[in-house]
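Chemist: Handing you a structure now.
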Amino acid sequence: MNWDDLRIIAAVRDEGTYAGASARLRIDETTVGRTLARIQRDLGVPLFDAVDGQRRPTRHCEAVLEHVGAMAAHVAAIDRIGESQPGAVGRLRIASTNAVAEELLAPHASAFLRDHPGLTLQFLTSSGNVKFSRWQADLAIRLRKPEKGDFTISKLGDVRLYFFEPADRAGGEPVACVYPDELDNIPEQQFLRAKRLNNVRCVTDNIRIIRTMIQSHQAIGVLPEHSCGPLLADRSLRATLLPRRRDVWLLVQNHLKRDPATRLTIEWIRRCFGDVARG
């Protein structure tokens with residue numbers, strides 16, 4: 001068994017199918033199936049059960065992946081041995097939405113990296129959630145509390161939300177910007193649904209699109225405070241503070257909790273959210 005074999009086991013666990021693991025690792029799906037069959041034959045235990053078209057890991061698989069996680073941590077430690085930089089050393093992957101990375105983390109990132117020359121940050125961004133696994137991210141910032149998993153969850157703070165609408169509606173009924181149906185449980189969407197809007201003609205989970213449309217003074221929508229920018233000072237807009245806030249959560253891979261570089265980065269992320277938490 002080699003490291004590539006172990007990566008295939010982890011990819012199937014994370015993706016749930018041979019096809020998904022094949023696409024992620026960029027190898028042939030037949031190779032994925034053949035490799036897993038060989039590993040299971042060598043180990044003498046099943047690693048996955050087929051359930052409703054998905055590959056569900058067995059307890060034997062989870063035991064194997066516990067060791068894989070430890071190996072990944074050791075590999076990262078070996079990479080740092082030859083480093084000559086003072087202080088904490090490491091490369092950390094941070095998964096978050098585009099808005100969080102651009103508006104809360106990026107403004108403070110240059111100073112943080114200047115003060116810690118041994119650190120490198122890789123930002124993994126998406127309008128939704130970047131998948132959080134040992135192979136894709138080390139830390140993740142979520143705007144919804146995730147279900148329990150093989151990681152540590154802590155609350156970073158809560159974000160104030162504002163509803164924007166044109167102060168003057170002489171131009172007619174503004175276009176309503178709402179979120180997709182799968183986000184019905186977030187405070188923003190619940191507030192918008194309660195208003196029973198008539199002109200709902202923009203559906204998106206992209207904060208920048210909503211902000212740009214609000215800036216046109218011809219649309220209404222809800223934005224988190226860190227994405228409002230100059231909109232709060234625009235007298236052509238009416239801003240209403242929502243009664244509920246949006247919780248922000250930090251996820252950390254368990255095998256990195258005591259890593260000095262990770263701890264330093266967690267402290268920095270918490271400082272980035274300091275103003276939000278105090279608000």
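Here, A, B, ... name the chains of the structure tokens in the order displayed, residue numbers run from 1 inside each chain, and ligands are numbered from 1 in the same displayed order.
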Kindly provide the residues of segment 183-219 of chain A that approach segment 160-173 of chain A to within 8 Å, each paired with its closest atom pair and their distance in Å to one decimal, based on only C-alpha atoms, listed by chain and increasing number, as a tab-separated table.
Modeler:
residue	atom	partner	partner_atom	distance
A:Glu188	CA	A:Leu161	CA	7.4
A:Asn199	CA	A:Glu173	CA	7.0
A:Ile214	CA	A:Phe164	CA	7.0
A:His217	CA	A:Pro166	CA	5.4
A:Gln218	CA	A:Pro166	CA	6.6
A:Ala219	CA	A:Glu165	CA	6.6
Chemist: Got a sec to tell me which of segment 157-216 of chain A DSSP assigns to strand (DSSP E or B), as a list in words?
Modeler: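 Strand (DSSP E or B) members of segment 157-216 of chain A, listed: Gly157, Asp158, Val159, Leu161, Tyr162, Phe163, Phe164, Glu165, Pro166, Val175, Ala176, Cys177, Val178, Val200, Arg201, Cys202 and Val203 of chain A.
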Chemist: Could you write out the selected residues, including N, CA and C atoms, as a JSON list (two decimals), in the first residue's frame?
Modeler:
[["chain", "number", "residue", "atom", "x", "y", "z"],
["A", 157, "GLY", "N", -18.57, 34.64, 15.99],
["A", 157, "GLY", "CA", -19.34, 35.83, 16.32],
["A", 157, "GLY", "C", -20.66, 35.79, 15.58],
["A", 158, "ASP", "N", -21.35, 36.93, 15.54],
["A", 158, "ASP", "CA", -22.57, 37.02, 14.73],
["A", 158, "ASP", "C", -22.54, 38.33, 13.96],
["A", 159, "VAL", "N", -23.14, 38.31, 12.81],
["A", 159, "VAL", "CA", -23.07, 39.43, 11.87],
["A", 159, "VAL", "C", -24.41, 40.14, 11.80],
["A", 161, "LEU", "N", -27.32, 42.27, 10.00],
["A", 161, "LEU", "CA", -27.87, 42.21, 8.65],
["A", 161, "LEU", "C", -28.73, 43.45, 8.39],
["A", 162, "TYR", "N", -28.67, 43.97, 7.17],
["A", 162, "TYR", "CA", -29.42, 45.17, 6.80],
["A", 162, "TYR", "C", -30.28, 44.91, 5.56],
["A", 163, "PHE", "N", -31.51, 45.39, 5.63],
["A", 163, "PHE", "CA", -32.41, 45.35, 4.47],
["A", 163, "PHE", "C", -32.34, 46.72, 3.80],
["A", 164, "PHE", "N", -32.04, 46.72, 2.51],
["A", 164, "PHE", "CA", -31.93, 47.96, 1.75],
["A", 164, "PHE", "C", -33.06, 48.08, 0.74],
["A", 165, "GLU", "N", -33.57, 49.30, 0.60],
["A", 165, "GLU", "CA", -34.59, 49.60, -0.40],
["A", 165, "GLU", "C", -34.42, 51.06, -0.83],
["A", 166, "PRO", "N", -34.85, 51.41, -2.05],
["A", 166, "PRO", "CA", -34.74, 52.81, -2.49],
["A", 166, "PRO", "C", -35.56, 53.72, -1.59],
["A", 175, "VAL", "N", -36.86, 45.76, -8.03],
["A", 175, "VAL", "CA", -36.65, 44.32, -8.17],
["A", 175, "VAL", "C", -36.22, 43.76, -6.81],
["A", 176, "ALA", "N", -36.81, 42.65, -6.41],
["A", 176, "ALA", "CA", -36.44, 42.02, -5.13],
["A", 176, "ALA", "C", -35.39, 40.95, -5.38],
["A", 177, "CYS", "N", -34.27, 41.05, -4.65],
["A", 177, "CYS", "CA", -33.20, 40.05, -4.72],
["A", 177, "CYS", "C", -33.37, 39.09, -3.54],
["A", 178, "VAL", "N", -33.57, 37.83, -3.83],
["A", 178, "VAL", "CA", -33.74, 36.83, -2.78],
["A", 178, "VAL", "C", -32.71, 35.72, -2.95],
["A", 200, "VAL", "N", -40.26, 39.64, -7.21],
["A", 200, "VAL", "CA", -39.10, 38.77, -7.00],
["A", 200, "VAL", "C", -38.61, 38.28, -8.36],
["A", 201, "ARG", "N", -37.52, 38.87, -8.84],
["A", 201, "ARG", "CA", -37.04, 38.51, -10.17],
["A", 201, "ARG", "C", -35.52, 38.35, -10.22],
["A", 202, "CYS", "N", -34.90, 38.28, -9.04],
["A", 202, "CYS", "CA", -33.46, 37.99, -8.97],
["A", 202, "CYS", "C", -33.24, 36.99, -7.84],
["A", 203, "VAL", "N", -32.69, 35.83, -8.17],
["A", 203, "VAL", "CA", -32.41, 34.78, -7.18],
["A", 203, "VAL", "C", -30.92, 34.46, -7.26]]
Chemist: Could you work out how far atom CA of Val45 of chain A lies from atom CA of Ala23 of chain A, giving the answer in Å with one decimal?
Modeler: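 Atom CA of Val45 of chain A lies 25.7 Å from atom CA of Ala23 of chain A.
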Chemist: Can you tell me how far atom CA of Ala88 of chain A sits from atom CA of Ala261 of chain A, in Å to one decimal?
Modeler: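 Atom CA of Ala88 of chain A sits 5.0 Å away from atom CA of Ala261 of chain A.
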Chemist: List as a tab-separated table every residue of segment 187-232 of chain A that is in contact with segment 90-114 of chain A, defined as an atom at most 9 Å from one of its atoms (using only C-alpha atoms), together with the nearest atom pair and the distance in Å rounded to one decimal, sorted by chain and then rising number.
Modeler:
residue	atom	partner	partner_atom	distance
A:Asn206	CA	A:Asn98	CA	8.4
A:Ile207	CA	A:Ala99	CA	6.8
A:Arg208	CA	A:Ala99	CA	7.6
A:His226	CA	A:Glu103	CA	6.4
A:Ser227	CA	A:Glu103	CA	6.8
Chemist: Given only C-alpha atoms as the basis, pick out the residue of A:Leu223, A:Gly69, A:Leu232, A:Thr17 nearest to Gly53 of chain A.
Modeler: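 For Gly53 of chain A, the nearest of the given residues is A:Thr17.
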Chemist: To one decimal place in Å, what is the distance between atom CA of Ala137 of chain A and atom CA of Thr265 of chain A?
Modeler: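 One can read the atom CA of Ala137 of chain A to atom CA of Thr265 of chain A distance as 13.5 Å.
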Chemist: Just the alpha helix (DSSP H) stuff from segment 188-256 of chain A, please, per backbone DSSP, written as an MDAnalysis selection string.
Modeler: chainID A and resid 188:194 207:215
Chemist: Pick out the residues sitting within 8 Å of Arg55 of chain A, and hand them over as JSON, numbers by chain; count only C-alpha atoms, and ignore anything fewer than 2 positions along from it in its own chain.
Modeler: {"A": [12, 13, 16, 17, 18, 48, 49, 50, 51, 53, 57]}
Chemist: Identify, on the basis of only C-alpha atoms, every residue whose closest approach to Met71 of chain A does not exceed 12 Å; exclude the query and any residue fewer than 2 positions from it along the same chain; express the result as a PyMOL selection string.
Modeler: chain A and resi 2-3+6-7+64-69+73-78+134+255
Chemist: So that I have them on file, write out the residues from the current selection with N, CA and C atoms, as a PDB file, in the first residue's frame.
Modeler:
ATOM      1  N   ASN A   2       0.482   2.246  -0.780  1.00  0.00           N
ATOM      2  CA  ASN A   2       1.259   3.478  -0.840  1.00  0.00           C
ATOM      3  C   ASN A   2       0.348   4.684  -0.599  1.00  0.00           C
ATOM      4  N   TRP A   3       0.974   5.853  -0.601  1.00  0.00           N
ATOM      5  CA  TRP A   3       0.231   7.086  -0.288  1.00  0.00           C
ATOM      6  C   TRP A   3      -0.902   7.332  -1.281  1.00  0.00           C
ATOM      7  N   LEU A   6      -3.961   5.449  -0.299  1.00  0.00           N
ATOM      8  CA  LEU A   6      -4.665   6.060   0.831  1.00  0.00           C
ATOM      9  C   LEU A   6      -5.463   7.282   0.372  1.00  0.00           C
ATOM     10  N   ARG A   7      -4.939   8.031  -0.568  1.00  0.00           N
ATOM     11  CA  ARG A   7      -5.658   9.195  -1.103  1.00  0.00           C
ATOM     12  C   ARG A   7      -6.956   8.748  -1.786  1.00  0.00           C
ATOM     13  N   VAL A  64      -8.917   3.184   9.227  1.00  0.00           N
ATOM     14  CA  VAL A  64      -7.810   3.436   8.308  1.00  0.00           C
ATOM     15  C   VAL A  64      -7.579   4.936   8.142  1.00  0.00           C
ATOM     16  N   LEU A  65      -8.661   5.690   8.000  1.00  0.00           N
ATOM     17  CA  LEU A  65      -8.525   7.124   7.744  1.00  0.00           C
ATOM     18  C   LEU A  65      -8.036   7.888   8.973  1.00  0.00           C
ATOM     19  N   GLU A  66      -8.266   7.358  10.154  1.00  0.00           N
ATOM     20  CA  GLU A  66      -7.679   7.974  11.346  1.00  0.00           C
ATOM     21  C   GLU A  66      -6.160   7.963  11.239  1.00  0.00           C
ATOM     22  N   HIS A  67      -5.616   6.844  10.783  1.00  0.00           N
ATOM     23  CA  HIS A  67      -4.166   6.745  10.589  1.00  0.00           C
ATOM     24  C   HIS A  67      -3.703   7.656   9.449  1.00  0.00           C
ATOM     25  N   VAL A  68      -4.517   7.753   8.414  1.00  0.00           N
ATOM     26  CA  VAL A  68      -4.167   8.629   7.286  1.00  0.00           C
ATOM     27  C   VAL A  68      -4.055  10.076   7.752  1.00  0.00           C
ATOM     28  N   GLY A  69      -4.985  10.485   8.621  1.00  0.00           N
ATOM     29  CA  GLY A  69      -4.926  11.850   9.138  1.00  0.00           C
ATOM     30  C   GLY A  69      -3.646  12.108   9.917  1.00  0.00           C
ATOM     31  N   ALA A  73      -0.477  14.768   9.062  1.00  0.00           N
ATOM     32  CA  ALA A  73       0.116  15.713  10.006  1.00  0.00           C
ATOM     33  C   ALA A  73       1.632  15.533  10.076  1.00  0.00           C
ATOM     34  N   HIS A  74       2.092  14.269  10.047  1.00  0.00           N
ATOM     35  CA  HIS A  74       3.530  14.011  10.089  1.00  0.00           C
ATOM     36  C   HIS A  74       4.216  14.516   8.815  1.00  0.00           C
ATOM     37  N   VAL A  75       3.557  14.349   7.681  1.00  0.00           N
ATOM     38  CA  VAL A  75       4.114  14.860   6.424  1.00  0.00           C
ATOM     39  C   VAL A  75       4.282  16.377   6.497  1.00  0.00           C
ATOM     40  N   ALA A  76       3.255  17.050   7.027  1.00  0.00           N
ATOM     41  CA  ALA A  76       3.339  18.507   7.161  1.00  0.00           C
ATOM     42  C   ALA A  76       4.484  18.898   8.094  1.00  0.00           C
ATOM     43  N   ALA A  77       4.687  18.126   9.178  1.00  0.00           N
ATOM     44  CA  ALA A  77       5.780  18.417  10.110  1.00  0.00           C
ATOM     45  C   ALA A  77       7.133  18.213   9.443  1.00  0.00           C
ATOM     46  N   ILE A  78       7.246  17.157   8.621  1.00  0.00           N
ATOM     47  CA  ILE A  78       8.507  16.910   7.911  1.00  0.00           C
ATOM     48  C   ILE A  78       8.818  18.065   6.969  1.00  0.00           C
ATOM     49  N   ARG A 134     -10.046  16.748   5.020  1.00  0.00           N
ATOM     50  CA  ARG A 134      -8.612  16.843   5.290  1.00  0.00           C
ATOM     51  C   ARG A 134      -7.808  17.102   4.019  1.00  0.00           C
ATOM     52  N   HIS A 255      -6.581  17.212  13.694  1.00  0.00           N
ATOM     53  CA  HIS A 255      -5.146  16.896  13.784  1.00  0.00           C
ATOM     54  C   HIS A 255      -4.273  18.151  13.745  1.00  0.00           C
TER      55      HIS A 255
END
Chemist: Neighbouring residues of Leu47 of chain A were defined as those with any atom within 9 Å, considering only C-alpha atoms; residues of the same chain fewer than 2 positions away were excluded. Please report them as a VMD selection string.
Modeler: chain A and resid 9 36 39 to 40 45 49 56 to 62 64
Chemist: Restricted to C-alpha atoms, what would the selected residues look like written as a PDB file, in the first residue's frame?
Modeler:
ATOM      1  CA  ILE A   9      -9.732   5.742   0.070  1.00  0.00           C
ATOM      2  CA  LEU A  36     -10.054  -0.312  -3.713  1.00  0.00           C
ATOM      3  CA  ILE A  39      -6.770  -2.871  -0.858  1.00  0.00           C
ATOM      4  CA  GLN A  40      -9.830  -4.587   0.614  1.00  0.00           C
ATOM      5  CA  VAL A  45     -11.992  -6.242   5.532  1.00  0.00           C
ATOM      6  CA  ASP A  49     -20.914  -0.397   1.760  1.00  0.00           C
ATOM      7  CA  ARG A  56     -20.649   4.609   2.811  1.00  0.00           C
ATOM      8  CA  PRO A  57     -17.446   4.018   4.830  1.00  0.00           C
ATOM      9  CA  THR A  58     -17.399   1.069   7.195  1.00  0.00           C
ATOM     10  CA  ARG A  59     -15.881   1.210  10.670  1.00  0.00           C
ATOM     11  CA  HIS A  60     -12.769  -0.402   9.190  1.00  0.00           C
ATOM     12  CA  CYS A  61     -12.517   2.464   6.689  1.00  0.00           C
ATOM     13  CA  GLU A  62     -12.846   5.096   9.413  1.00  0.00           C
ATOM     14  CA  VAL A  64      -7.810   3.436   8.308  1.00  0.00           C
TER      15      VAL A  64
END
Chemist: Using only C-alpha atoms for the distances, tell me which of A:Gln190, A:Thr240, A:Gln253, A:Ser22 is nearest to Ala140 of chain A.
Modeler: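 Among the listed residues, the smallest separation from Ala140 of chain A belongs to A:Gln253.
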Chemist: Let me make sure I understand: among A:Met213, A:Leu256, A:Ile220, A:Cys272, which one has the smallest atom-to-atom distance to Ile141 of chain A if we use only C-alpha atoms?
Modeler: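 When distances to Ile141 of chain A are compared using only C-alpha atoms, the smallest one comes from A:Cys272.
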